[in-house]
$ cat upload-v2.tsv   # TSV, C-alpha atoms and all ligand atoms
chain	number	residue	atom	x	y	z
A	21	MET	CA	9.56	-6.95	14.06
A	22	ARG	CA	11.16	-8.46	11.00
A	23	ARG	CA	14.34	-6.39	10.87
A	24	ARG	CA	17.40	-7.35	12.86
A	25	ALA	CA	17.99	-4.87	15.66
A	26	THR	CA	21.40	-3.17	15.35
A	27	ALA	CA	22.92	-1.33	18.28
A	28	VAL	CA	23.89	2.26	17.50
A	29	SER	CA	27.50	1.51	18.41
A	30	GLU	CA	27.63	-1.18	15.68
A	31	LEU	CA	26.74	1.30	12.93
A	32	GLU	CA	29.41	2.04	10.38
A	33	PRO	CA	29.02	5.81	9.79
A	34	VAL	CA	28.41	6.78	6.16
A	35	SER	CA	29.84	10.01	4.75
A	36	GLU	CA	27.74	12.91	3.40
A	37	GLU	CA	28.45	11.76	-0.14
A	38	GLU	CA	27.57	8.11	0.61
A	39	PHE	CA	24.35	9.17	2.32
A	40	ARG	CA	23.41	11.29	-0.71
A	41	ARG	CA	24.17	8.45	-3.16
A	42	VAL	CA	22.07	5.92	-1.25
A	43	CYS	CA	19.11	8.31	-0.95
A	44	GLU	CA	19.32	9.15	-4.65
A	45	PHE	CA	19.49	5.43	-5.58
A	46	LEU	CA	16.41	4.68	-3.47
A	47	TYR	CA	14.51	7.73	-4.70
A	48	ARG	CA	15.01	6.86	-8.37
A	49	ARG	CA	13.65	3.34	-7.83
A	50	THR	CA	10.81	3.91	-5.38
A	51	GLY	CA	9.86	7.60	-5.21
A	52	MET	CA	10.64	7.56	-1.46
A	53	LEU	CA	12.70	10.58	-0.45
A	54	PHE	CA	14.80	10.43	2.69
A	55	ASN	CA	16.52	13.58	3.87
A	56	GLU	CA	19.02	14.52	6.57
A	57	ALA	CA	16.36	14.14	9.27
A	58	LYS	CA	16.21	10.41	8.42
A	59	ARG	CA	19.97	9.88	8.50
A	60	TYR	CA	19.87	7.45	11.41
A	61	TYR	CA	17.08	5.42	9.80
A	62	VAL	CA	18.99	5.24	6.49
A	63	GLN	CA	22.28	4.46	8.17
A	64	ARG	CA	20.77	1.68	10.23
A	65	ARG	CA	19.21	-0.01	7.21
A	66	ILE	CA	22.47	0.10	5.25
A	67	SER	CA	24.28	-1.40	8.24
A	68	ASP	CA	21.69	-4.17	8.48
A	69	ARG	CA	22.18	-5.08	4.81
A	70	MET	CA	25.98	-4.95	5.14
A	71	ASN	CA	25.86	-7.15	8.26
A	72	ALA	CA	23.52	-9.63	6.61
A	73	LEU	CA	25.92	-9.92	3.66
A	74	ARG	CA	29.09	-9.71	5.84
A	75	ILE	CA	30.32	-6.78	3.76
A	76	ALA	CA	32.56	-4.43	5.75
A	77	SER	CA	32.88	-1.35	3.50
A	78	PHE	CA	30.16	0.90	2.14
A	79	GLN	CA	31.96	1.16	-1.22
A	80	THR	CA	31.87	-2.62	-1.64
A	81	TYR	CA	28.22	-2.74	-0.59
A	82	PHE	CA	27.20	0.04	-2.98
A	83	ALA	CA	28.94	-1.69	-5.91
A	84	TYR	CA	27.19	-4.96	-4.93
A	85	LEU	CA	23.87	-3.13	-4.76
A	86	ARG	CA	24.31	-1.45	-8.13
A	87	SER	CA	25.22	-4.75	-9.81
A	88	ASP	CA	22.00	-6.18	-8.29
A	89	ALA	CA	23.97	-9.27	-7.25
A	90	ALA	CA	21.62	-11.96	-5.86
A	91	GLY	CA	18.64	-9.58	-6.20
A	92	GLU	CA	20.10	-7.08	-3.74
A	93	ILE	CA	18.04	-4.15	-5.07
A	94	GLU	CA	14.86	-5.94	-3.96
A	95	GLN	CA	16.33	-6.67	-0.52
A	96	PHE	CA	17.56	-3.08	-0.23
A	97	ILE	CA	14.13	-1.65	-1.07
A	98	ASN	CA	12.47	-4.10	1.34
A	99	ALA	CA	14.78	-2.87	4.08
A	100	PHE	CA	13.77	0.78	3.61
A	101	THR	CA	10.00	0.58	3.38
A	102	VAL	CA	7.84	1.63	6.33
A	103	ASN	CA	5.14	-1.02	6.61
A	104	GLU	CA	3.02	0.30	9.51
A	105	THR	CA	-0.59	-0.82	9.07
A	106	TYR	CA	-3.46	-2.53	10.93
A	107	PHE	CA	-6.98	-3.85	10.38
A	108	TYR	CA	-9.82	-1.29	10.03
A	109	ARG	CA	-7.39	1.64	9.79
A	110	GLU	CA	-9.30	4.85	8.91
A	111	ASP	CA	-12.53	2.83	8.71
A	112	HIS	CA	-14.60	5.91	7.83
A	113	GLN	CA	-13.35	5.26	4.27
A	114	LEU	CA	-14.59	1.68	4.46
A	115	ARG	CA	-17.97	3.06	5.53
A	116	CYS	CA	-17.89	5.41	2.54
A	117	LEU	CA	-17.05	2.45	0.29
A	118	SER	CA	-20.10	0.44	1.38
A	119	SER	CA	-22.47	3.42	1.75
A	120	ASP	CA	-21.69	5.38	-1.40
A	121	LEU	CA	-18.83	4.39	-3.68
A	122	LEU	CA	-19.86	0.86	-4.61
A	123	ALA	CA	-23.48	1.80	-5.29
A	124	GLU	CA	-22.29	4.43	-7.76
A	125	ARG	CA	-19.90	1.98	-9.40
A	126	VAL	CA	-22.58	-0.73	-9.66
A	127	ARG	CA	-24.83	1.72	-11.52
A	128	ALA	CA	-22.00	2.39	-13.98
A	129	LYS	CA	-21.36	-1.25	-14.81
A	130	ARG	CA	-22.90	-3.79	-17.15
A	131	PRO	CA	-24.79	-6.61	-15.40
A	132	GLY	CA	-22.41	-9.33	-14.24
A	133	GLU	CA	-19.28	-7.18	-14.61
A	134	ALA	CA	-17.00	-7.58	-11.59
A	135	LEU	CA	-16.35	-4.74	-9.15
A	136	ARG	CA	-12.59	-4.38	-8.82
A	137	ILE	CA	-10.90	-2.94	-5.72
A	138	TRP	CA	-7.15	-2.39	-5.41
A	139	SER	CA	-5.25	-1.85	-2.17
A	140	VAL	CA	-1.90	-0.41	-3.21
A	141	PRO	CA	0.26	-0.32	-1.21
A	142	CYS	CA	-1.17	-3.11	0.91
A	143	ALA	CA	1.90	-3.64	3.15
A	144	THR	CA	1.34	-6.96	5.00
A	145	GLY	CA	-2.27	-7.34	3.84
A	146	GLU	CA	-4.33	-5.86	6.67
A	147	GLU	CA	-5.93	-3.29	4.36
A	148	PRO	CA	-7.25	-5.60	1.59
A	149	TYR	CA	-8.44	-8.16	4.15
A	150	SER	CA	-10.16	-5.32	6.04
A	151	ILE	CA	-11.96	-4.31	2.85
A	152	ALA	CA	-13.14	-7.91	2.37
A	153	ILE	CA	-14.30	-8.27	6.00
A	154	TRP	CA	-15.97	-4.87	5.97
A	155	LEU	CA	-17.96	-5.67	2.82
A	156	LEU	CA	-18.98	-9.09	4.13
A	157	GLU	CA	-20.25	-7.45	7.30
A	158	ASN	CA	-21.69	-4.18	6.00
A	159	TRP	CA	-22.61	-4.29	2.32
A	160	PRO	CA	-25.99	-5.90	1.67
A	161	GLU	CA	-25.11	-6.61	-1.98
A	162	VAL	CA	-21.99	-8.57	-1.13
A	163	ASP	CA	-23.59	-11.89	-2.07
A	164	VAL	CA	-24.99	-10.79	-5.41
A	165	GLN	CA	-22.03	-8.83	-6.75
A	166	ASP	CA	-18.83	-10.31	-8.14
A	167	ILE	CA	-16.05	-8.53	-6.21
A	168	GLU	CA	-12.33	-8.80	-6.93
A	169	ILE	CA	-9.86	-7.51	-4.34
A	170	ILE	CA	-6.15	-7.24	-5.12
A	171	GLY	CA	-3.40	-6.13	-2.73
A	172	SER	CA	-0.02	-4.96	-4.08
A	173	ASP	CA	3.14	-3.52	-2.63
A	174	ILE	CA	6.71	-2.83	-3.73
A	175	ASP	CA	8.01	-4.75	-0.70
A	176	THR	CA	8.14	-8.44	-1.61
A	177	GLN	CA	8.56	-9.54	2.03
A	178	CYS	CA	5.27	-7.77	2.72
A	179	THR	CA	3.33	-9.48	-0.06
A	180	THR	CA	4.71	-12.85	1.05
A	181	ALA	CA	3.53	-12.12	4.62
A	182	ALA	CA	0.18	-10.91	3.25
A	183	ARG	CA	-0.39	-14.27	1.53
A	184	GLU	CA	0.48	-16.04	4.80
A	185	ALA	CA	-2.03	-13.74	6.57
A	186	GLU	CA	-0.84	-14.39	10.12
A	187	TYR	CA	-1.08	-11.46	12.53
A	188	GLY	CA	-0.33	-10.41	16.10
A	189	ALA	CA	-2.59	-8.62	18.60
A	190	ARG	CA	-1.49	-5.13	17.52
A	191	ALA	CA	-2.66	-5.63	13.93
A	192	LEU	CA	-6.06	-6.80	15.21
A	193	MET	CA	-6.53	-4.14	17.91
A	194	ARG	CA	-9.44	-2.40	16.13
A	195	LEU	CA	-11.40	-5.59	15.41
A	196	SER	CA	-14.09	-6.77	17.84
A	197	PRO	CA	-13.67	-10.22	19.46
A	198	ALA	CA	-16.68	-11.34	17.40
A	199	LEU	CA	-14.94	-10.40	14.12
A	200	ILE	CA	-11.71	-12.09	15.20
A	201	GLU	CA	-13.64	-15.22	16.11
A	202	LYS	CA	-15.44	-15.19	12.75
A	203	TYR	CA	-12.58	-14.42	10.35
A	204	PHE	CA	-9.42	-15.78	12.06
A	205	VAL	CA	-8.14	-19.00	13.52
A	206	PRO	CA	-5.63	-19.11	16.41
A	207	ALA	CA	-2.06	-19.63	15.17
A	208	GLY	CA	0.06	-19.90	18.32
A	209	LYS	CA	0.50	-17.57	21.26
A	210	ASP	CA	-1.06	-14.16	20.47
A	211	ARG	CA	-1.16	-14.99	16.75
A	212	TRP	CA	-4.17	-15.35	14.49
A	213	ARG	CA	-4.46	-16.42	10.85
A	214	VAL	CA	-7.09	-15.23	8.39
A	215	VAL	CA	-9.47	-18.10	7.55
A	216	SER	CA	-8.73	-19.82	4.26
A	217	ASP	CA	-11.89	-18.68	2.41
A	218	LEU	CA	-10.98	-15.07	3.05
A	219	ARG	CA	-7.30	-15.62	2.20
A	220	GLU	CA	-8.31	-17.10	-1.11
A	221	SER	CA	-10.59	-14.17	-1.91
A	222	VAL	CA	-7.71	-11.66	-2.02
A	223	GLN	CA	-4.89	-11.83	-4.60
A	224	PHE	CA	-1.46	-10.28	-3.95
A	225	SER	CA	1.24	-9.01	-6.29
A	226	SER	CA	4.36	-6.90	-6.39
A	227	VAL	CA	3.82	-3.42	-7.88
A	228	ASN	CA	5.86	-0.23	-7.83
A	229	ILE	CA	3.41	2.66	-8.22
A	230	MET	CA	6.20	4.74	-9.77
A	231	ASN	CA	6.36	2.30	-12.68
A	232	ALA	CA	3.66	2.81	-15.34
A	233	THR	CA	3.94	-0.72	-16.76
A	234	GLU	CA	3.65	-2.37	-13.34
A	235	THR	CA	0.75	-0.13	-12.34
A	236	ARG	CA	-1.19	-1.22	-15.43
A	237	GLN	CA	-0.57	-4.95	-15.08
A	238	HIS	CA	-3.91	-5.62	-13.36
A	239	GLY	CA	-6.17	-3.66	-15.72
A	240	VAL	CA	-8.54	-0.99	-14.41
A	241	PHE	CA	-10.24	-0.72	-11.02
A	242	ASP	CA	-13.44	0.76	-9.64
A	243	VAL	CA	-11.87	1.82	-6.35
A	244	ILE	CA	-8.21	2.20	-5.41
A	245	PHE	CA	-7.05	2.55	-1.81
A	246	CYS	CA	-3.65	4.26	-1.96
A	247	ARG	CA	-3.17	5.25	1.66
A	248	ASN	CA	-0.16	6.37	3.63
A	249	VAL	CA	2.52	6.04	0.98
A	250	LEU	CA	2.53	9.42	-0.81
A	251	ILE	CA	3.72	10.99	2.46
A	252	TYR	CA	7.11	9.34	1.80
A	253	PHE	CA	7.37	10.87	-1.71
A	254	ASP	CA	8.33	14.34	-2.93
A	255	ASP	CA	6.01	16.36	-5.20
A	256	ALA	CA	7.55	15.06	-8.43
A	257	SER	CA	7.11	11.40	-7.37
A	258	ARG	CA	3.59	12.07	-6.08
A	259	ARG	CA	2.62	13.44	-9.49
A	260	ILE	CA	4.02	10.41	-11.34
A	261	ALA	CA	2.29	8.00	-8.95
A	262	ALA	CA	-1.00	9.94	-9.29
A	263	GLU	CA	-0.80	9.76	-13.10
A	264	ASN	CA	-0.10	6.02	-12.98
A	265	LEU	CA	-3.02	5.43	-10.62
A	266	PHE	CA	-5.30	7.59	-12.77
A	267	GLU	CA	-4.58	5.24	-15.68
A	268	ALA	CA	-5.40	2.26	-13.44
A	269	LEU	CA	-8.87	3.63	-12.64
A	270	ALA	CA	-11.99	3.06	-14.74
A	271	PRO	CA	-13.64	6.33	-15.83
A	272	GLY	CA	-15.78	7.31	-12.84
A	273	GLY	CA	-13.59	5.18	-10.51
A	274	PHE	CA	-12.54	6.41	-7.08
A	275	ILE	CA	-9.26	6.73	-5.22
A	276	CYS	CA	-8.99	6.98	-1.41
A	277	LEU	CA	-5.85	8.48	0.12
A	278	GLY	CA	-4.61	8.58	3.71
A	279	HIS	CA	-6.05	11.34	5.92
A	280	THR	CA	-2.88	13.48	5.71
A	281	GLU	CA	-2.73	13.18	1.91
A	282	SER	CA	-4.61	15.33	-0.59
A	283	MET	CA	-4.86	14.73	-4.33
A	284	SER	CA	-5.87	18.36	-4.92
A	285	ARG	CA	-2.33	19.41	-4.02
A	286	ILE	CA	-0.80	16.74	-6.27
A	287	SER	CA	-2.73	16.49	-9.54
A	288	PRO	CA	-5.57	18.32	-11.33
A	289	LEU	CA	-6.64	15.08	-13.06
A	290	PHE	CA	-9.15	14.05	-10.38
A	291	GLU	CA	-12.43	15.53	-9.19
A	292	VAL	CA	-13.00	15.93	-5.46
A	293	ARG	CA	-16.08	14.10	-4.13
A	294	ARG	CA	-17.29	14.83	-0.61
A	295	PHE	CA	-19.38	12.03	0.86
A	296	PRO	CA	-20.78	11.98	4.43
A	297	ASP	CA	-18.01	9.65	5.65
A	298	ALA	CA	-14.99	10.68	3.55
A	299	VAL	CA	-13.50	12.91	0.90
A	300	VAL	CA	-12.39	10.83	-2.07
A	301	TYR	CA	-11.07	11.57	-5.57
A	302	GLN	CA	-12.68	10.49	-8.79
A	303	ARG	CA	-11.48	9.94	-12.32
A	304	PRO	CA	-13.94	11.99	-14.39
A	305	GLY	CA	-15.91	10.23	-17.10
A	306	ALA	CA	-18.59	7.63	-17.70
A	307	GLY	CA	-20.32	6.56	-14.53
A	308	GLY	CA	-19.14	9.61	-12.60
A	309	ASN	CA	-21.55	12.09	-11.10
A	310	GLY	CA	-21.32	14.10	-14.33
A	311	GLY	CA	-20.16	17.21	-12.55
A	312	ARG	CA	-23.16	17.27	-10.19
A	313	GLY	CA	-22.87	17.68	-6.48
A	314	HIS	CA	-19.19	18.52	-6.10
A	315	GLY	CA	-17.91	20.28	-3.08
B	1	LIG	C1	2.68	2.75	5.75
B	1	LIG	S1	2.42	1.45	4.60
B	1	LIG	C2	0.74	1.74	4.15
B	1	LIG	C3	-0.08	0.48	4.17
B	1	LIG	C4	-1.60	0.68	4.05
B	1	LIG	N1	-1.96	1.30	2.79
B	1	LIG	C5	-2.14	1.48	5.21
B	1	LIG	O1	-2.47	2.67	5.02
B	1	LIG	O2	-2.24	0.96	6.32
B	1	LIG	C6	3.36	2.08	3.21
B	1	LIG	C7	3.71	1.00	2.18
B	1	LIG	O3	4.11	1.65	0.98
B	1	LIG	C8	4.95	0.74	0.28
B	1	LIG	N2	5.63	1.47	-0.81
B	1	LIG	C9	6.62	2.40	-0.70
B	1	LIG	N3	6.98	2.84	-1.93
B	1	LIG	C10	6.19	2.17	-2.82
B	1	LIG	C11	6.09	2.18	-4.23
B	1	LIG	N4	6.86	3.00	-4.98
B	1	LIG	N5	5.19	1.36	-4.82
B	1	LIG	C12	4.41	0.53	-4.09
B	1	LIG	N6	4.46	0.47	-2.74
B	1	LIG	C13	5.34	1.29	-2.10
B	1	LIG	C14	5.83	0.21	1.39
B	1	LIG	O4	6.45	-1.01	1.04
B	1	LIG	C15	4.85	0.08	2.56
B	1	LIG	O5	4.40	-1.24	2.71

$ encode --input "upload-v2.tsv" --output "structure tokens"
Amino acid sequence: MRRRATAVSELEPVSEEEFRRVCEFLYRRTGMLFNEAKRYYVQRRISDRMNALRIASFQTYFAYLRSDAAGEIEQFINAFTVNETYFYREDHQLRCLSSDLLAERVRAKRPGEALRIWSVPCATGEEPYSIAIWLLENWPEVDVQDIEIIGSDIDTQCTTAAREAEYGARALMRLSPALIEKYFVPAGKDRWRVVSDLRESVQFSSVNIMNATETRQHGVFDVIFCRNVLIYFDDASRRIAAENLFEALAPGGFICLGHTESMSRISPLFEVRRFPDAVVYQRPGAGGNGGRGHG
């Protein structure tokens, strides 16, 4: 747990107006929408930031935040993100990746052209490392194809931790002992670190999927995993994020969402593809299934 625990009695209550201003500030920068039901969560994070900075009044903190003194906006955003993740989460999509998606993408590419996979948001890195491990274990073409995997997140503490790649037992709970033995080295009591070859095979960066320029900084991808973030957005933010991700996909490229998320309700830009292991969304165009076999 990387956040300092704050007892409820220590919390400085924020007024209705202050709560609204903080939520609006966060929403405009990240797309994440917190409402009244999340008041305690919001309040606790503000208190943590104020305690860390030894600022006693909300007004002073909000002015400090808005001036972005000492990079406070980044720290503020880091404090609000929900970074829950673990290895081999929703692995039916990984199965779909190795059984169907990559074969279709390989057919669409020129010989020697790299296959590009983007995990955004990647939180602390479990998802992009899972993709790498899964392909090494389950995709027969892994040795003959050039594969690039990038993990990105708005939370800079997360991407720093992802590069470090050190995890506790909870993050590894869905991996077999054999996989842990093969891809991790012990790093202290109940801690394991991803082996260096695997660490070096995944690149990490900071990206806000609400920002079109940032979302385009890595060029276009064959497959994007954008799982379990749109649930924190409202419809307007989901649409903007979907449009940005559409632009970051090669024509015929695929996007996988979390199991509670559906692109059909967000944007008409994508085609729905139903594979045996997962429903995914596809940018229409060259290399796609040309309108065959939908539904
Ligand atoms: C619950 S985690 C999901 C991690 C992983 N995709 C998974 O499904 O296990 C949600 C992540 O979304 C990130 N996030 C929130 N808003 C974002 C934004 N606008 N751009 C990029 N990442 C964002 C958070 O920092 C957090 O790490």

$ residues_near_ligand --input "upload-v2.tsv" --ligand "ligand LIG 1 (chain B)" --cutoff "7 Å" --atoms "all atoms listed in the file" --output "PyMOL selection string"
chain A and resi 50-52+98+101-106+109+139-144+147+173-175+178+227-230+245-249+278

$ closest_residue --input "upload-v2.tsv" --among "A:Glu184, A:Glu36, A:Asp242, A:Glu92" --to "A:Glu133" --atoms "only C-alpha atoms"
A:Asp242

$ atom_distance --input "upload-v2.tsv" --atom1 "atom CA of A:Glu234" --atom2 "atom CA of A:Ala261"
11.3 Å

$ residues_around --input "upload-v2.tsv" --residues "stretch 295-309 of chain A" --least-positions-apart "5" --cutoff "7 Å" --atoms "only C-alpha atoms" --output "VMD selection string"
chain A and resid 112 to 113 115 to 116 125 128 266 269 271 to 276 290

$ closest_residue --input "upload-v2.tsv" --among "A:Glu124, A:Glu44, A:Asp111, A:Glu267" --to "A:Thr233" --atoms "all atoms listed in the file"
A:Glu267

$ closest_atom_pairs --input "upload-v2.tsv" --of "stretch 180-242 of chain A" --to "stretch 165-172 of chain A" --cutoff "6 Å" --atoms "all atoms listed in the file" --output "JSON lines"
{"residue": "A:Val222", "atom": "CA", "partner": "A:Ile169", "partner_atom": "CA", "distance": 5.2}
{"residue": "A:Gln223", "atom": "CA", "partner": "A:Ile170", "partner_atom": "CA", "distance": 4.8}
{"residue": "A:Phe224", "atom": "CA", "partner": "A:Gly171", "partner_atom": "CA", "distance": 4.7}
{"residue": "A:Ser225", "atom": "CA", "partner": "A:Ser172", "partner_atom": "CA", "distance": 4.8}
{"residue": "A:Ser226", "atom": "CA", "partner": "A:Ser172", "partner_atom": "CA", "distance": 5.3}
{"residue": "A:Val227", "atom": "CA", "partner": "A:Ser172", "partner_atom": "CA", "distance": 5.6}

$ residues_around --input "upload-v2.tsv" --residues "A:Glu157" --least-positions-apart "3" --cutoff "12 Å" --atoms "only C-alpha atoms" --output "ChimeraX atom specification"
/A:114-115,118,150-154,160-163,198-199,202-203

$ build_atoms --input "upload-v2.tsv" --residues "stretch 140-169 of chain A" --atoms "N, CA and C atoms" --output "PDB file, in the coordinates of the input"
ATOM      1  N   VAL A 140      -3.297  -0.578  -2.826  1.00  0.00           N
ATOM      2  CA  VAL A 140      -1.900  -0.410  -3.210  1.00  0.00           C
ATOM      3  C   VAL A 140      -1.367   0.889  -2.615  1.00  0.00           C
ATOM      4  N   PRO A 141      -0.443   0.846  -1.707  1.00  0.00           N
ATOM      5  CA  PRO A 141       0.260  -0.320  -1.210  1.00  0.00           C
ATOM      6  C   PRO A 141      -0.536  -1.002  -0.105  1.00  0.00           C
ATOM      7  N   CYS A 142      -0.397  -2.335  -0.069  1.00  0.00           N
ATOM      8  CA  CYS A 142      -1.170  -3.110   0.910  1.00  0.00           C
ATOM      9  C   CYS A 142      -0.322  -3.508   2.114  1.00  0.00           C
ATOM     10  N   ALA A 143       0.994  -3.202   2.089  1.00  0.00           N
ATOM     11  CA  ALA A 143       1.900  -3.640   3.150  1.00  0.00           C
ATOM     12  C   ALA A 143       1.687  -5.140   3.415  1.00  0.00           C
ATOM     13  N   THR A 144       1.433  -5.528   4.668  1.00  0.00           N
ATOM     14  CA  THR A 144       1.340  -6.960   5.000  1.00  0.00           C
ATOM     15  C   THR A 144      -0.098  -7.510   4.879  1.00  0.00           C
ATOM     16  N   GLY A 145      -0.970  -6.766   4.208  1.00  0.00           N
ATOM     17  CA  GLY A 145      -2.270  -7.340   3.840  1.00  0.00           C
ATOM     18  C   GLY A 145      -3.462  -6.927   4.689  1.00  0.00           C
ATOM     19  N   GLU A 146      -3.214  -6.209   5.784  1.00  0.00           N
ATOM     20  CA  GLU A 146      -4.330  -5.860   6.670  1.00  0.00           C
ATOM     21  C   GLU A 146      -5.400  -5.053   5.940  1.00  0.00           C
ATOM     22  N   GLU A 147      -4.971  -4.158   5.039  1.00  0.00           N
ATOM     23  CA  GLU A 147      -5.930  -3.290   4.360  1.00  0.00           C
ATOM     24  C   GLU A 147      -6.850  -4.067   3.398  1.00  0.00           C
ATOM     25  N   PRO A 148      -6.319  -4.871   2.471  1.00  0.00           N
ATOM     26  CA  PRO A 148      -7.250  -5.600   1.590  1.00  0.00           C
ATOM     27  C   PRO A 148      -8.126  -6.597   2.342  1.00  0.00           C
ATOM     28  N   TYR A 149      -7.581  -7.257   3.372  1.00  0.00           N
ATOM     29  CA  TYR A 149      -8.440  -8.160   4.150  1.00  0.00           C
ATOM     30  C   TYR A 149      -9.501  -7.369   4.909  1.00  0.00           C
ATOM     31  N   SER A 150      -9.150  -6.166   5.374  1.00  0.00           N
ATOM     32  CA  SER A 150     -10.160  -5.320   6.040  1.00  0.00           C
ATOM     33  C   SER A 150     -11.290  -4.971   5.090  1.00  0.00           C
ATOM     34  N   ILE A 151     -10.929  -4.656   3.839  1.00  0.00           N
ATOM     35  CA  ILE A 151     -11.960  -4.310   2.850  1.00  0.00           C
ATOM     36  C   ILE A 151     -12.907  -5.503   2.677  1.00  0.00           C
ATOM     37  N   ALA A 152     -12.312  -6.702   2.558  1.00  0.00           N
ATOM     38  CA  ALA A 152     -13.140  -7.910   2.370  1.00  0.00           C
ATOM     39  C   ALA A 152     -14.044  -8.129   3.586  1.00  0.00           C
ATOM     40  N   ILE A 153     -13.485  -8.036   4.785  1.00  0.00           N
ATOM     41  CA  ILE A 153     -14.300  -8.270   6.000  1.00  0.00           C
ATOM     42  C   ILE A 153     -15.394  -7.211   6.098  1.00  0.00           C
ATOM     43  N   TRP A 154     -14.996  -5.957   5.858  1.00  0.00           N
ATOM     44  CA  TRP A 154     -15.970  -4.870   5.970  1.00  0.00           C
ATOM     45  C   TRP A 154     -17.155  -5.101   5.034  1.00  0.00           C
ATOM     46  N   LEU A 155     -16.869  -5.483   3.788  1.00  0.00           N
ATOM     47  CA  LEU A 155     -17.960  -5.670   2.820  1.00  0.00           C
ATOM     48  C   LEU A 155     -18.835  -6.857   3.215  1.00  0.00           C
ATOM     49  N   LEU A 156     -18.198  -7.929   3.695  1.00  0.00           N
ATOM     50  CA  LEU A 156     -18.980  -9.090   4.130  1.00  0.00           C
ATOM     51  C   LEU A 156     -19.924  -8.712   5.277  1.00  0.00           C
ATOM     52  N   GLU A 157     -19.471  -7.817   6.125  1.00  0.00           N
ATOM     53  CA  GLU A 157     -20.250  -7.450   7.300  1.00  0.00           C
ATOM     54  C   GLU A 157     -21.253  -6.328   7.045  1.00  0.00           C
ATOM     55  N   ASN A 158     -20.927  -5.440   6.089  1.00  0.00           N
ATOM     56  CA  ASN A 158     -21.690  -4.180   6.000  1.00  0.00           C
ATOM     57  C   ASN A 158     -22.327  -3.863   4.661  1.00  0.00           C
ATOM     58  N   TRP A 159     -22.045  -4.646   3.628  1.00  0.00           N
ATOM     59  CA  TRP A 159     -22.610  -4.290   2.320  1.00  0.00           C
ATOM     60  C   TRP A 159     -23.652  -5.316   1.919  1.00  0.00           C
ATOM     61  N   PRO A 160     -24.929  -4.927   1.922  1.00  0.00           N
ATOM     62  CA  PRO A 160     -25.990  -5.900   1.670  1.00  0.00           C
ATOM     63  C   PRO A 160     -25.853  -6.624   0.329  1.00  0.00           C
ATOM     64  N   GLU A 161     -25.193  -5.980  -0.647  1.00  0.00           N
ATOM     65  CA  GLU A 161     -25.110  -6.610  -1.980  1.00  0.00           C
ATOM     66  C   GLU A 161     -23.938  -7.573  -2.125  1.00  0.00           C
ATOM     67  N   VAL A 162     -23.228  -7.799  -1.025  1.00  0.00           N
ATOM     68  CA  VAL A 162     -21.990  -8.570  -1.130  1.00  0.00           C
ATOM     69  C   VAL A 162     -22.191  -9.951  -1.756  1.00  0.00           C
ATOM     70  N   ASP A 163     -23.361 -10.539  -1.545  1.00  0.00           N
ATOM     71  CA  ASP A 163     -23.590 -11.890  -2.070  1.00  0.00           C
ATOM     72  C   ASP A 163     -24.040 -11.897  -3.532  1.00  0.00           C
ATOM     73  N   VAL A 164     -24.503 -10.772  -4.020  1.00  0.00           N
ATOM     74  CA  VAL A 164     -24.990 -10.790  -5.410  1.00  0.00           C
ATOM     75  C   VAL A 164     -23.999 -10.152  -6.381  1.00  0.00           C
ATOM     76  N   GLN A 165     -23.013  -9.454  -5.867  1.00  0.00           N
ATOM     77  CA  GLN A 165     -22.030  -8.830  -6.750  1.00  0.00           C
ATOM     78  C   GLN A 165     -20.747  -9.667  -6.803  1.00  0.00           C
ATOM     79  N   ASP A 166     -20.117  -9.639  -7.985  1.00  0.00           N
ATOM     80  CA  ASP A 166     -18.830 -10.310  -8.140  1.00  0.00           C
ATOM     81  C   ASP A 166     -17.753  -9.262  -7.770  1.00  0.00           C
ATOM     82  N   ILE A 167     -17.018  -9.530  -6.698  1.00  0.00           N
ATOM     83  CA  ILE A 167     -16.050  -8.530  -6.210  1.00  0.00           C
ATOM     84  C   ILE A 167     -14.652  -9.125  -6.270  1.00  0.00           C
ATOM     85  N   GLU A 168     -13.736  -8.373  -6.893  1.00  0.00           N
ATOM     86  CA  GLU A 168     -12.330  -8.800  -6.930  1.00  0.00           C
ATOM     87  C   GLU A 168     -11.530  -7.842  -6.072  1.00  0.00           C
ATOM     88  N   ILE A 169     -10.716  -8.382  -5.159  1.00  0.00           N
ATOM     89  CA  ILE A 169      -9.860  -7.510  -4.340  1.00  0.00           C
ATOM     90  C   ILE A 169      -8.411  -7.941  -4.562  1.00  0.00           C
TER      91      ILE A 169
END
